[in-house]
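Data file: coords-v3.cif. Format and content: mmCIF, C-alpha atoms and all ligand atoms.
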```cif
data_protein
#
loop_
_atom_site.label_atom_id
_atom_site.label_comp_id
_atom_site.auth_asym_id
_atom_site.auth_seq_id
_atom_site.Cartn_x
_atom_site.Cartn_y
_atom_site.Cartn_z
CA MET U 1 -8.69 -8.80 32.33
CA SER U 2 -6.20 -8.33 29.53
CA THR U 3 -2.80 -6.74 29.95
CA VAL U 4 -1.21 -4.48 27.37
CA ALA U 5 1.54 -6.28 25.43
CA ALA U 6 4.68 -4.69 23.98
CA ASN U 7 4.59 -3.03 20.55
CA PRO U 8 5.05 -5.92 18.08
CA PHE U 9 5.98 -3.66 15.17
CA GLY U 10 9.22 -2.22 16.54
CA SER U 11 11.69 -4.47 14.73
CA PRO U 12 10.93 -5.01 11.03
CA ALA U 13 13.62 -7.69 10.65
CA ASP U 14 11.91 -9.80 13.33
CA LEU U 15 8.36 -9.07 12.29
CA HIS U 16 7.24 -12.49 11.03
CA ARG U 17 8.53 -14.30 14.11
CA VAL U 18 6.75 -11.82 16.42
CA LEU U 19 3.52 -12.13 14.43
CA ALA U 20 3.72 -15.94 14.47
CA ASP U 21 4.00 -15.83 18.29
CA LEU U 22 0.96 -13.57 18.50
CA ARG U 23 -1.11 -15.82 16.21
CA ARG U 24 -0.28 -18.77 18.43
CA GLN U 25 -0.53 -17.16 21.88
CA SER U 26 -2.69 -14.05 21.75
CA PRO U 27 -4.38 -13.65 18.37
CA VAL U 28 -6.49 -10.68 19.48
CA VAL U 29 -4.51 -8.57 21.93
CA GLU U 30 -4.09 -5.02 23.15
CA VAL U 31 -0.59 -3.69 22.48
CA ALA U 32 1.33 -0.48 23.14
CA LEU U 33 1.82 1.54 19.95
CA PRO U 34 4.72 3.84 19.10
CA THR U 35 2.20 6.67 18.90
CA GLY U 36 1.86 6.54 22.68
CA SER U 37 -1.65 5.08 22.60
CA THR U 38 -2.69 1.41 22.59
CA GLY U 39 -4.43 -0.64 19.93
CA TRP U 40 -5.90 -4.12 19.52
CA VAL U 41 -3.98 -6.23 17.03
CA VAL U 42 -5.80 -8.99 15.12
CA THR U 43 -3.41 -11.57 13.66
CA ARG U 44 -5.38 -14.66 12.52
CA TYR U 45 -6.93 -14.88 9.06
CA GLU U 46 -10.49 -15.63 10.06
CA ASP U 47 -10.59 -12.91 12.74
CA ALA U 48 -8.93 -10.42 10.38
CA GLN U 49 -11.48 -11.06 7.65
CA ARG U 50 -14.35 -10.75 10.12
CA ALA U 51 -12.91 -7.52 11.54
CA LEU U 52 -12.61 -5.92 8.09
CA GLY U 53 -16.22 -6.81 7.29
CA ASP U 54 -17.67 -5.61 10.61
CA PRO U 55 -19.37 -2.19 10.40
CA ARG U 56 -18.94 -1.78 14.18
CA LEU U 57 -15.19 -1.46 13.53
CA ALA U 58 -15.46 1.83 11.71
CA LYS U 59 -13.33 4.72 10.52
CA MET U 60 -13.08 7.60 12.96
CA THR U 61 -10.78 10.42 11.99
CA SER U 62 -10.89 12.01 15.41
CA ALA U 63 -9.60 8.85 17.11
CA GLY U 64 -6.24 7.22 16.71
CA GLY U 65 -4.15 8.74 19.43
CA PHE U 66 -2.11 10.76 16.93
CA SER U 67 -1.08 14.10 18.26
CA TYR U 68 -0.24 15.52 14.82
CA ARG U 69 -3.76 16.80 14.29
CA ASP U 70 -3.05 19.39 16.95
CA MET U 71 0.20 20.30 15.18
CA ILE U 72 -1.21 21.17 11.75
CA PRO U 73 -3.61 23.91 10.68
CA GLU U 74 -7.29 22.95 10.87
CA ASP U 75 -7.80 23.27 7.09
CA VAL U 76 -4.91 20.87 6.38
CA ALA U 77 -6.31 18.32 8.85
CA ARG U 78 -9.67 18.51 7.07
CA ALA U 79 -8.08 18.28 3.64
CA VAL U 80 -6.34 14.97 4.43
CA GLY U 81 -9.19 13.46 6.42
CA ARG U 82 -12.11 13.44 3.98
CA HIS U 83 -11.14 10.64 1.60
CA MET U 84 -12.98 7.35 1.15
CA LEU U 85 -10.53 5.33 3.25
CA ALA U 86 -11.16 7.66 6.19
CA LEU U 87 -14.96 7.57 5.95
CA ASN U 88 -17.91 5.26 6.53
CA PRO U 89 -21.08 4.81 4.46
CA PRO U 90 -22.88 6.74 3.10
CA ASP U 91 -20.00 9.20 2.46
CA HIS U 92 -17.63 6.34 1.66
CA THR U 93 -20.10 4.86 -0.83
CA ARG U 94 -20.65 8.20 -2.58
CA LEU U 95 -16.92 8.97 -2.94
CA ARG U 96 -15.99 5.48 -4.07
CA ARG U 97 -18.74 5.46 -6.69
CA LEU U 98 -17.45 8.70 -8.19
CA VAL U 99 -14.14 7.13 -9.20
CA SER U 100 -14.72 3.38 -9.38
CA GLY U 101 -15.34 3.61 -13.15
CA ALA U 102 -11.72 4.66 -13.69
CA PHE U 103 -10.44 1.46 -12.06
CA THR U 104 -12.44 -1.29 -13.74
CA ALA U 105 -10.38 -4.18 -15.15
CA ARG U 106 -11.13 -2.96 -18.70
CA ARG U 107 -10.11 0.68 -18.13
CA VAL U 108 -6.97 -0.46 -16.37
CA ALA U 109 -6.04 -2.99 -19.08
CA ALA U 110 -6.07 -0.09 -21.57
CA LEU U 111 -3.16 1.45 -19.65
CA ARG U 112 -0.88 -1.52 -20.40
CA PRO U 113 1.01 -0.14 -23.42
CA ARG U 114 1.83 3.12 -21.64
CA ILE U 115 2.97 1.36 -18.45
CA GLU U 116 5.15 -0.95 -20.56
CA GLU U 117 6.69 2.06 -22.24
CA LEU U 118 7.42 3.74 -18.90
CA ALA U 119 9.00 0.52 -17.57
CA GLU U 120 11.22 0.18 -20.64
CA GLU U 121 12.39 3.80 -20.35
CA LEU U 122 13.38 3.31 -16.71
CA LEU U 123 15.21 0.08 -17.53
CA ASP U 124 17.07 1.80 -20.39
CA GLY U 125 18.38 4.12 -17.69
CA ILE U 126 20.01 1.31 -15.71
CA ALA U 127 21.10 -0.95 -18.55
CA GLY U 128 24.70 0.23 -18.55
CA ALA U 129 25.21 0.33 -14.78
CA ASP U 130 27.26 -2.16 -12.77
CA GLU U 131 25.21 -1.71 -9.64
CA VAL U 132 21.99 0.22 -8.87
CA ASP U 133 19.38 0.56 -6.16
CA LEU U 134 16.34 -1.01 -7.81
CA ILE U 135 13.96 0.81 -5.45
CA ASP U 136 15.40 4.18 -6.35
CA ARG U 137 15.71 3.61 -10.08
CA PHE U 138 12.69 1.44 -10.86
CA ALA U 139 10.30 0.32 -8.09
CA PHE U 140 9.72 3.89 -6.88
CA PRO U 141 9.52 5.91 -10.13
CA LEU U 142 7.35 3.46 -12.11
CA PRO U 143 4.19 3.56 -9.92
CA ILE U 144 4.49 7.29 -9.28
CA GLN U 145 4.69 7.97 -12.99
CA VAL U 146 1.69 5.73 -13.62
CA ILE U 147 -0.49 7.34 -10.96
CA CYS U 148 0.63 10.83 -12.02
CA GLU U 149 -0.34 10.12 -15.63
CA LEU U 150 -3.67 8.63 -14.60
CA LEU U 151 -4.50 11.65 -12.50
CA GLY U 152 -2.95 14.13 -14.92
CA VAL U 153 -0.17 15.33 -12.60
CA PRO U 154 3.13 16.52 -14.12
CA ALA U 155 5.69 13.94 -13.02
CA GLU U 156 8.59 16.33 -12.51
CA ASP U 157 7.83 16.73 -8.79
CA GLN U 158 8.80 13.17 -7.91
CA ALA U 159 11.62 14.05 -5.55
CA ASP U 160 9.33 16.20 -3.42
CA PHE U 161 6.75 13.45 -3.42
CA ARG U 162 9.19 10.91 -2.24
CA ARG U 163 10.17 13.05 0.74
CA TRP U 164 6.58 13.84 1.70
CA THR U 165 5.11 10.39 1.28
CA ASP U 166 8.03 8.85 3.13
CA ALA U 167 7.39 11.18 6.07
CA ILE U 168 3.66 10.40 5.90
CA VAL U 169 3.86 6.61 5.82
CA THR U 170 6.51 6.47 8.53
CA GLY U 171 4.59 9.16 10.47
CA PRO U 172 3.25 7.02 13.31
CA MET U 173 6.84 5.94 14.08
CA ASN U 174 8.27 9.43 13.68
CA PRO U 175 5.55 12.01 14.39
CA ALA U 176 7.86 15.05 14.14
CA GLY U 177 8.27 14.65 10.37
CA LEU U 178 4.56 14.39 9.70
CA PRO U 179 3.14 17.94 10.05
CA PRO U 180 5.50 19.66 7.58
CA ALA U 181 4.96 16.88 5.04
CA LEU U 182 1.16 17.10 5.32
CA ILE U 183 1.20 20.87 5.01
CA ALA U 184 3.48 20.67 1.97
CA ILE U 185 1.51 17.98 0.16
CA VAL U 186 -1.84 19.71 0.71
CA GLY U 187 -0.36 22.99 -0.56
CA TYR U 188 0.97 21.15 -3.59
CA ILE U 189 -2.40 19.52 -4.36
CA ARG U 190 -4.21 22.85 -4.08
CA THR U 191 -1.81 24.48 -6.54
CA LEU U 192 -2.22 21.54 -8.88
CA LEU U 193 -6.01 21.74 -8.77
CA ALA U 194 -5.88 25.47 -9.51
CA ALA U 195 -3.70 24.80 -12.56
CA LYS U 196 -6.07 22.05 -13.79
CA ARG U 197 -9.05 24.35 -13.40
CA GLU U 198 -7.30 26.78 -15.74
CA GLN U 199 -6.36 24.07 -18.20
CA PRO U 200 -8.55 20.97 -18.01
CA ALA U 201 -7.39 17.83 -19.82
CA ASP U 202 -8.61 14.29 -20.46
CA ASP U 203 -7.59 12.94 -17.06
CA LEU U 204 -9.00 11.91 -13.69
CA LEU U 205 -8.20 15.21 -11.95
CA SER U 206 -10.08 17.23 -14.56
CA ALA U 207 -13.00 14.78 -14.34
CA LEU U 208 -13.10 15.18 -10.55
CA ILE U 209 -12.93 18.97 -10.82
CA ALA U 210 -15.89 18.86 -13.23
CA VAL U 211 -17.89 16.77 -10.71
CA HIS U 212 -16.94 19.22 -7.96
CA GLU U 213 -18.09 22.20 -9.99
CA GLN U 214 -21.35 20.63 -11.15
CA GLY U 215 -23.02 20.26 -7.79
CA ASP U 216 -22.97 18.92 -4.30
CA ARG U 217 -21.50 15.48 -4.89
CA LEU U 218 -17.91 16.38 -3.95
CA THR U 219 -16.86 19.08 -1.47
CA ASP U 220 -13.65 21.06 -1.64
CA ASP U 221 -12.01 19.07 1.16
CA GLU U 222 -13.16 15.79 -0.38
CA LEU U 223 -11.59 16.73 -3.71
CA VAL U 224 -8.20 17.54 -2.14
CA SER U 225 -8.44 14.44 0.05
CA MET U 226 -9.22 12.19 -2.90
CA VAL U 227 -6.10 13.35 -4.75
CA TYR U 228 -4.08 12.93 -1.54
CA LEU U 229 -5.34 9.34 -1.12
CA PHE U 230 -4.53 8.40 -4.72
CA LEU U 231 -1.05 9.85 -4.53
CA ILE U 232 -0.25 7.95 -1.33
CA ALA U 233 -2.23 4.72 -1.83
CA GLY U 234 -1.45 4.56 -5.53
CA HIS U 235 2.29 4.34 -5.29
CA GLU U 236 3.78 3.60 -1.85
CA THR U 237 2.13 0.19 -1.93
CA THR U 238 3.09 -0.71 -5.49
CA VAL U 239 6.71 0.29 -4.81
CA ASN U 240 6.70 -2.39 -2.13
CA LEU U 241 5.09 -5.01 -4.35
CA ILE U 242 7.93 -4.56 -6.84
CA GLY U 243 10.66 -4.21 -4.18
CA ASN U 244 9.56 -7.05 -1.89
CA GLY U 245 8.84 -9.29 -4.85
CA MET U 246 12.23 -8.72 -6.49
CA LEU U 247 14.03 -9.40 -3.21
CA LEU U 248 12.19 -12.72 -2.85
CA LEU U 249 12.82 -13.72 -6.47
CA LEU U 250 16.50 -12.74 -6.47
CA ALA U 251 17.26 -14.19 -3.04
CA GLU U 252 17.38 -17.59 -4.79
CA PRO U 253 18.95 -17.38 -8.25
CA ALA U 254 17.16 -20.59 -9.30
CA ARG U 255 13.83 -18.95 -8.54
CA TRP U 256 14.70 -15.95 -10.71
CA ALA U 257 15.86 -18.28 -13.49
CA ARG U 258 12.44 -19.97 -13.39
CA VAL U 259 10.57 -16.68 -13.71
CA VAL U 260 12.87 -15.66 -16.60
CA ALA U 261 12.27 -18.98 -18.39
CA GLN U 262 8.51 -19.18 -17.71
CA PRO U 263 6.80 -15.78 -17.98
CA GLU U 264 3.45 -17.56 -17.66
CA LEU U 265 4.28 -17.94 -13.94
CA LEU U 266 3.97 -14.16 -13.43
CA PRO U 267 0.29 -13.83 -12.42
CA GLY U 268 0.67 -16.58 -9.79
CA THR U 269 3.99 -15.11 -8.67
CA ILE U 270 2.35 -11.74 -8.02
CA GLU U 271 -0.38 -13.36 -5.89
CA GLU U 272 2.17 -15.33 -3.89
CA VAL U 273 4.37 -12.26 -3.29
CA LEU U 274 1.26 -10.35 -2.15
CA ARG U 275 0.47 -13.15 0.29
CA TYR U 276 3.95 -13.89 1.56
CA GLU U 277 5.38 -10.38 1.91
CA GLY U 278 2.56 -8.01 0.96
CA PRO U 279 3.10 -4.24 0.78
CA VAL U 280 0.60 -3.43 3.54
CA GLN U 281 1.49 -4.62 7.02
CA ASN U 282 -1.65 -3.46 8.85
CA ALA U 283 -4.91 -2.16 7.43
CA SER U 284 -5.62 1.47 8.30
CA PHE U 285 -6.89 1.89 11.84
CA ARG U 286 -10.47 1.10 12.79
CA THR U 287 -12.25 2.14 15.98
CA ALA U 288 -14.80 0.03 17.86
CA THR U 289 -18.09 1.94 17.93
CA GLU U 290 -19.41 -0.52 20.55
CA PRO U 291 -17.88 -3.50 22.42
CA VAL U 292 -17.00 -6.15 19.81
CA GLU U 293 -16.23 -9.81 20.53
CA LEU U 294 -13.41 -11.15 18.37
CA GLY U 295 -11.33 -14.29 18.85
CA GLY U 296 -12.67 -14.75 22.38
CA GLN U 297 -11.73 -11.20 23.46
CA ILE U 298 -13.98 -8.21 24.01
CA ILE U 299 -12.63 -5.13 22.25
CA PRO U 300 -14.04 -2.21 24.24
CA GLU U 301 -15.92 0.71 22.71
CA GLY U 302 -13.57 3.46 21.54
CA ALA U 303 -10.56 1.13 21.19
CA LEU U 304 -8.29 1.32 18.16
CA VAL U 305 -8.05 -1.85 16.03
CA LEU U 306 -5.16 -2.87 13.77
CA VAL U 307 -5.85 -5.73 11.39
CA ALA U 308 -2.49 -7.37 10.67
CA LEU U 309 -2.85 -8.33 7.00
CA LEU U 310 0.70 -9.61 6.71
CA SER U 311 0.10 -11.93 9.66
CA ALA U 312 -3.29 -13.17 8.44
CA ASN U 313 -1.67 -14.14 5.14
CA ARG U 314 0.76 -16.44 6.98
CA ASP U 315 -1.94 -18.19 9.02
CA ALA U 316 -1.47 -21.98 8.78
CA ASP U 317 -5.22 -22.48 9.25
CA ARG U 318 -5.72 -20.82 5.87
CA PHE U 319 -2.54 -21.56 3.87
CA ALA U 320 -0.56 -24.81 3.78
CA GLU U 321 3.11 -24.25 4.74
CA PRO U 322 2.51 -20.49 4.99
CA ASP U 323 6.17 -19.60 5.58
CA ARG U 324 7.22 -21.11 2.25
CA LEU U 325 7.19 -18.92 -0.86
CA ASP U 326 5.61 -21.23 -3.43
CA LEU U 327 5.23 -19.85 -6.94
CA ASP U 328 3.01 -22.81 -7.83
CA ARG U 329 0.65 -22.39 -4.89
CA PRO U 330 -2.98 -22.92 -5.91
CA ALA U 331 -4.71 -19.54 -5.89
CA ILE U 332 -6.65 -18.99 -2.65
CA PRO U 333 -7.68 -15.37 -2.03
CA ASN U 334 -5.60 -13.58 0.60
CA LEU U 335 -6.02 -10.28 2.45
CA ALA U 336 -3.19 -8.26 0.86
CA PHE U 337 -5.71 -5.86 -0.72
CA GLY U 338 -7.96 -5.86 2.34
CA HIS U 339 -11.56 -7.02 2.49
CA GLY U 340 -15.05 -5.55 2.69
CA ILE U 341 -16.12 -2.05 1.67
CA HIS U 342 -12.58 -0.61 1.67
CA TYR U 343 -11.15 -3.42 -0.49
CA CYS U 344 -8.40 -1.85 -2.59
CA LEU U 345 -9.86 0.13 -5.45
CA GLY U 346 -6.53 -0.01 -7.28
CA ALA U 347 -6.03 -3.80 -7.13
CA PRO U 348 -6.37 -4.36 -10.92
CA LEU U 349 -3.89 -1.55 -11.58
CA ALA U 350 -1.45 -2.80 -8.93
CA ARG U 351 -1.51 -6.34 -10.36
CA LEU U 352 -0.95 -5.03 -13.88
CA GLU U 353 1.97 -2.85 -12.77
CA GLY U 354 3.50 -5.79 -10.90
CA GLN U 355 3.25 -8.08 -13.91
CA ILE U 356 4.72 -5.50 -16.26
CA ALA U 357 7.53 -4.66 -13.82
CA PHE U 358 8.61 -8.25 -13.12
CA GLY U 359 8.13 -9.23 -16.77
CA ALA U 360 10.21 -6.35 -18.11
CA LEU U 361 13.01 -7.01 -15.60
CA ALA U 362 13.07 -10.71 -16.48
CA ARG U 363 13.22 -9.99 -20.22
CA ARG U 364 15.83 -7.26 -20.05
CA PHE U 365 18.00 -8.58 -17.22
CA PRO U 366 17.90 -12.38 -17.06
CA ASP U 367 21.21 -12.36 -15.16
CA LEU U 368 20.07 -9.82 -12.56
CA ARG U 369 21.57 -10.53 -9.11
CA LEU U 370 21.46 -9.04 -5.63
CA ALA U 371 24.59 -6.96 -4.98
CA VAL U 372 24.66 -7.87 -1.26
CA PRO U 373 23.53 -10.95 0.70
CA PRO U 374 19.73 -10.90 1.23
CA GLU U 375 20.06 -10.68 5.02
CA GLU U 376 21.85 -7.33 4.66
CA ILE U 377 18.84 -5.75 2.98
CA GLY U 378 16.88 -3.66 5.48
CA TRP U 379 13.17 -2.93 5.94
CA ARG U 380 11.74 0.53 6.46
CA SER U 381 10.19 1.16 9.80
CA SER U 382 6.42 1.71 9.41
CA LEU U 383 3.26 0.80 11.26
CA LEU U 384 1.24 0.44 8.09
CA LEU U 385 3.48 -0.59 5.22
CA ARG U 386 6.05 -3.31 4.60
CA GLY U 387 8.83 -2.29 2.27
CA LEU U 388 12.59 -2.13 1.74
CA SER U 389 14.83 0.88 2.30
CA ALA U 390 16.95 -0.06 -0.72
CA LEU U 391 17.55 -3.02 -3.04
CA PRO U 392 21.10 -3.01 -4.43
CA VAL U 393 21.36 -5.16 -7.56
CA ARG U 394 23.77 -5.90 -10.39
CA PRO U 395 21.78 -5.73 -13.65
CA ARG U 396 24.26 -7.87 -15.58
CA GLY U 397 24.97 -10.48 -12.93
C1 LIG N 401 0.24 -3.79 -4.54
C2 LIG N 401 -0.29 -2.61 -4.40
C3 LIG N 401 -1.41 -2.27 -3.46
C4 LIG N 401 -1.78 -2.88 -2.29
C5 LIG N 401 -1.15 -4.09 -1.61
C6 LIG N 401 -2.92 -2.15 -1.78
C7 LIG N 401 -3.57 -2.46 -0.62
C8 LIG N 401 -4.69 -1.82 -0.15
C9 LIG N 401 -5.40 -2.18 1.05
C10 LIG N 401 -4.99 -3.28 2.02
C11 LIG N 401 -6.45 -1.35 1.16
C12 LIG N 401 -7.51 -1.36 2.28
C13 LIG N 401 -7.01 -0.65 3.49
C14 LIG N 401 -7.95 -0.74 4.66
O1 LIG N 401 -9.00 -1.40 4.60
O2 LIG N 401 -7.62 -0.12 5.66
C15 LIG N 401 -6.43 -0.44 0.04
C16 LIG N 401 -7.35 0.55 -0.19
C17 LIG N 401 -7.25 1.42 -1.25
N1 LIG N 401 -6.33 1.38 -2.27
FE1 LIG N 401 -4.85 0.08 -2.52
N2 LIG N 401 -3.21 -1.13 -2.64
C18 LIG N 401 -2.32 -1.18 -3.69
C19 LIG N 401 -2.31 -0.33 -4.78
C20 LIG N 401 -3.19 0.66 -5.03
C21 LIG N 401 -3.22 1.49 -6.21
C22 LIG N 401 -2.25 1.37 -7.39
C23 LIG N 401 -4.24 2.38 -6.04
C24 LIG N 401 -4.74 3.49 -6.91
C25 LIG N 401 -4.59 3.95 -7.87
C26 LIG N 401 -4.87 2.09 -4.78
C27 LIG N 401 -5.94 2.78 -4.26
C28 LIG N 401 -6.62 2.44 -3.12
C29 LIG N 401 -7.77 3.17 -2.62
C30 LIG N 401 -8.42 4.38 -3.27
C31 LIG N 401 -8.17 2.53 -1.44
C32 LIG N 401 -9.34 2.92 -0.53
C33 LIG N 401 -10.58 2.17 -0.92
C34 LIG N 401 -11.76 2.45 -0.02
O3 LIG N 401 -11.61 3.03 1.05
O4 LIG N 401 -12.88 2.10 -0.44
N3 LIG N 401 -4.21 1.04 -4.20
N4 LIG N 401 -5.35 -0.76 -0.76
#
```

Give the structure from the file, written as structure tokens.
Ligand code: HEM
Amino acid sequence: MSTVAANPFGSPADLHRVLADLRRQSPVVEVALPTGSTGWVVTRYEDAQRALGDPRLAKMTSAGGFSYRDMIPEDVARAVGRHMLALNPPDHTRLRRLVSGAFTARRVAALRPRIEELAEELLDGIAGADEVDLIDRFAFPLPIQVICELLGVPAEDQADFRRWTDAIVTGPMNPAGLPPALIAIVGYIRTLLAAKREQPADDLLSALIAVHEQGDRLTDDELVSMVYLFLIAGHETTVNLIGNGMLLLLAEPARWARVVAQPELLPGTIEEVLRYEGPVQNASFRTATEPVELGGQIIPEGALVLVALLSANRDADRFAEPDRLDLDRPAIPNLAFGHGIHYCLGAPLARLEGQIAFGALARRFPDLRLAVPPEEIGWRSSLLLRGLSALPVRPRG
């Protein structure tokens, strides 16, 4: 008989120590969640990979123990619950196929010049400053501008977005903020779609509207949900790749000096940052559709499952010296972008944005320094993501 363990995700500063204890002592364990329900946390690499590939651990929008669904209008609940990450095959397969062409390595590579231009513009804006918050001025606006341009969304609504997406990703920790944010973002997406219908352009939103209008391949809710997923998945994560990565690189000035001197290290640096302090703490919740044996435990039917990606990527059975950030680490795939049918659709775009962001910072600000000691930099509280609240830096050293 298992007993329910304490919520391991309560203290972001302590997270890696808590996860290391779980990997050692109870790698598959039922824990209390801040949502009031319980969930099974999977912390070792091999178990995590198996869990993500197991169709018996499926997406179930009705499960999850979140009370917010009762607190928002029915149509809003439907409009945020019909995207590919919330669904199983065959709906998942159909929705993913509709947009996968926009995210091939070739299509994404074509975005490079525009992303570089956006990065340069943002860095122009901080060049004269003594001290800035790099999250606020760079890590946050760059990915949102990229995803907005890809979709065809006017970027002037960034401040609203930031408020809504913040409330949404911290939702499980702070359920009161979630309903108004969901209602607002769905209203916003509907207005946006109406405007695009009036004035179609050469962008992903217009392409999706055309698919929607041509036949039965995309319902109304699925269209709104798809845009919702891109807006959330497409930037909150990449903000953290840039933020977490820059903290790690600047925490040791010699490390930053190396990246400045050897830009060829960037692709490997991105992979190591993704492994060591990836943007996604836990994969989105799965539910056991039947009893599932994992790591010697039986996860009962109906139980919620959290696959701890951040923990799996520090598993010593998979990675030598996992708690050391090693920019020269030989490339072994990790789970930062997930695994299986929901493997991140935006991975090529995220990697490209990361390389452009780190590269542009290194070129423009070789003397960049943290403005406070690294241990004073705080993590946001979230059940799903891993990211900083702020990253104060001095651009000119
Ligand atoms: C460093 C940045 C990123 C990281 C670490 C990341 C990570 C992930 C992970 C772990 C998943 C799987 C979640 C699960 O199985 O529960 C996922 C799915 C997804 N990501 Fe990303 N992501 C990033 C950036 C992006 C970007 C830039 C986009 C889009 C433009 C994007 C779009 C998606 C979509 C659409 C899915 C759902 C795929 C499906 O259900 O088939 N992501 N991402």

>> So that I can check the surroundings of U:Ala194, please list as a PyMOL selection string every protein, DNA and RNA residue that reaches within 12 Å of it, counting all atoms listed in the file and ignoring chain neighbours fewer than 2 positions away.
In response: chain U and resi 187-192+196-200+205-206+209+220+223-224

>> Could you list the protein, DNA and RNA residues that have any atom within 7 Å of ligand LIG 401 (chain N), counting only C-alpha atoms and all ligand atoms, and write them as number ranges by chain?
In response: U: 52, 84-86, 92, 96, 147, 229-230, 233-235, 237-238, 241, 274, 278-280, 283-285, 336-339, 341-347, 349-351

> So how far away is atom CA of U:Tyr276 from atom CA of U:Thr170, in Å?
Replying inline: 21.7 Å

>> Using only C-alpha atoms for the distances, tell me which of U:Val186, U:Ala360, U:Leu57, U:Ala308 is nearest to U:Ala20.
In response: U:Ala308

U:Ser26: which residues within 10 Å, counting all atoms listed in the file, same-chain residues fewer than 3 positions away excluded, as a CSV table (one decimal) with C-alpha atoms, in the coordinates of the input?
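Saved file selection-v9.csv follows:
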```csv
chain,number,residue,atom,x,y,z
U,5,ALA,CA,1.5,-6.3,25.4
U,19,LEU,CA,3.5,-12.1,14.4
U,20,ALA,CA,3.7,-15.9,14.5
U,21,ASP,CA,4.0,-15.8,18.3
U,22,LEU,CA,1.0,-13.6,18.5
U,23,ARG,CA,-1.1,-15.8,16.2
U,29,VAL,CA,-4.5,-8.6,21.9
U,30,GLU,CA,-4.1,-5.0,23.2
U,41,VAL,CA,-4.0,-6.2,17.0
U,42,VAL,CA,-5.8,-9.0,15.1
U,43,THR,CA,-3.4,-11.6,13.7
U,44,ARG,CA,-5.4,-14.7,12.5
U,295,GLY,CA,-11.3,-14.3,18.8
U,297,GLN,CA,-11.7,-11.2,23.5
```

> Using all atoms listed in the file, which residue out of U:Gln25, U:Ser381, U:Thr38, U:Gln158 lies closest to U:Thr287?
Replying inline: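 Once distances to U:Thr287 are computed over all atoms listed in the file, the minimum belongs to U:Thr38.
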
> In Å, with one decimal, what is the gap from atom CA of U:Leu95 to atom CA of U:Ile299?
Replying inline: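 Separating atom CA of U:Leu95 from atom CA of U:Ile299 is a distance of 29.2 Å.
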
>> Can you pull out the residues contacting U:Glu375? Cut-off 12 Å, using all atoms listed in the file, and skip same-chain residues under 4 positions away; I want them as a ChimeraX atom specification.
In response: /U:13-14,247-248,251,370-371,379,388,391

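Of the listed residues U:Arg286, U:Arg137, U:Arg106, U:Arg314, the one whose atoms come nearest to U:Gly243 is U:Arg137, with distances taken using all atoms listed in the file.
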
> Looking at all atoms listed in the file, which of U:Pro113, U:Gly101, U:Pro267, U:Pro73 is the one that sits closest to U:Ile183?
Replying inline: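 The shortest atom-to-atom distance to U:Ile183 comes from U:Pro73.
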
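Every protein or nucleic acid residue with an atom no more than 9 Å from U:Val146, counting all atoms listed in the file and leaving out same-chain residues fewer than 4 positions away, appears here: Leu111, Arg114, Ile115, Leu118, Pro141, Leu142, Leu150, Leu151, Gly234, His235 and Glu353 of chain U.
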
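Going from atom CA of U:Thr104 to atom CA of U:Ile270 covers 19.0 Å.
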
>> Taking (10.6, 8.4, -7.8) as a centre in this file's frame and 10 Å as the limit, can you find every polymer residue with an atom that close, using all atoms listed in the file, and give them as a PyMOL selection string?
In response: chain U and resi 135-145+155-163+235+239

> Which residue out of U:Arg56, U:Glu277, U:Pro154, U:Leu306 has the minimum interatomic distance to U:Val31 when all atoms listed in the file are used?
Replying inline: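 Checking each of U:Arg56, U:Glu277, U:Pro154, U:Leu306 against U:Val31, counting all atoms listed in the file, the winner is U:Leu306.
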
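With all atoms listed in the file taken into account, the protein and nucleic acid residues at most 10 Å from U:Arg258 (excluding it and anything under 5 positions from it in its own chain) are Leu249, Pro253, Pro263, Leu265, Leu327 and Ala362 of chain U.
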
> So which one's closest to U:Pro55, U:Gly340, U:Gly215, U:Pro395, U:Gly296? Using all atoms listed in the file, please.
Replying inline: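 When distances to U:Pro55 are compared using all atoms listed in the file, the smallest one comes from U:Gly340.
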
>> Show me the residues close to (5.0, -5.3, 21.6) - anything with an atom within 9 Å, counting all atoms listed in the file - and format the list as an MDAnalysis selection string.
In response: chainID U and resid 4:10 18 31:33
